[in-house]
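Reviewing the structure listed below.
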Amino acid sequence: MSDSKKLDVDIGKDHIVIQRRYDALGAVNDLLIAIWFLIGSSFFLKESLTTDGTWLFILGSAQLLIKPLIKLISLIHAGRVYNRSKQR
């Protein structure tokens with residue numbers, strides 16, 4: 001069996017459900033990041049809001065760390081479901 005075949009995980013319907021849930025979570029995360037950066041950028045137009053804008057940038061930057069975590073958790077989840085399906 002080639003290496004590329006070993007990396008394919010086919011767990012059917014369960015995989016689709018898992019993938020869709022984590023894709024939705026990732027999309028919500030991306031949307032929130034965009035909102036924080038957009039609002040933060042607009043806050044820099046008024047000097048009195050600069051500190052708040054900076055905090056929104058920090059929040060958006062911290063939330064960027066969540067993106068790869070969502071991907072890793074989804075891969076772990078799919079792997080566990082796959083292992084359970086092999087045991088049946």
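Residue numbering restarts at 1 for every chain of the structure tokens, chains are lettered A, B, ... in their displayed order, and ligands are numbered from 1 as they appear.
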* Leaving out Ser61 (chain A) and any residue of its chain fewer than 6 positions from it, which residues lie within 12 Å of it when counting only C-alpha atoms, given as JSON, numbers by chain? -> {"A": [29, 30, 32, 33, 34, 35, 36, 37, 40, 54, 55, 67]}
So that each row is one residue of region 46-77 of chain A with an atom at most 10 Å from region 22-27 of chain A, can you give its shortest atom pair and the distance in Å to one decimal, using only C-alpha atoms, rows by chain and rising number, as a tab-separated table?
```
residue	atom	partner	partner_atom	distance
A:Ile66	CA	A:Gly26	CA	8.6
A:Lys67	CA	A:Gly26	CA	6.5
A:Pro68	CA	A:Gly26	CA	9.2
A:Leu69	CA	A:Gly26	CA	9.7
A:Ile70	CA	A:Gly26	CA	6.7
A:Lys71	CA	A:Tyr22	CA	7.5
A:Ile73	CA	A:Tyr22	CA	8.6
A:Ser74	CA	A:Tyr22	CA	6.2
A:Leu75	CA	A:Tyr22	CA	9.6
A:His77	CA	A:Tyr22	CA	9.9
```
* Interatomic distance, CA of Arg84 (chain A) to CA of Val28 (chain A) (Å, one decimal) ->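 Atom-to-atom, CA of Arg84 (chain A) to CA of Val28 (chain A), that is 28.9 Å.
Here the question is which of A:Gln19, A:Gln63, A:Thr50, A:Leu45 gets nearest to Val81 (chain A) using only C-alpha atoms, and that residue is A:Gln19.
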* Asked: Would you give me, as a PyMOL selection string, the residues in chain A that DSSP reads as alpha helix (DSSP H)?
  -> chain A and resi 3-7+13-43+50-64+66-87
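The closest residue to Arg21 (chain A), picked from A:Ile58, A:Gly53, A:Asn83, A:Ala78 and counting only C-alpha atoms, is A:Ala78.
Each of A:Ile18, A:Leu49, A:Ile39, A:Leu56 was compared to Ile76 (chain A) using only C-alpha atoms, and A:Ile18 turns out to be the nearest.
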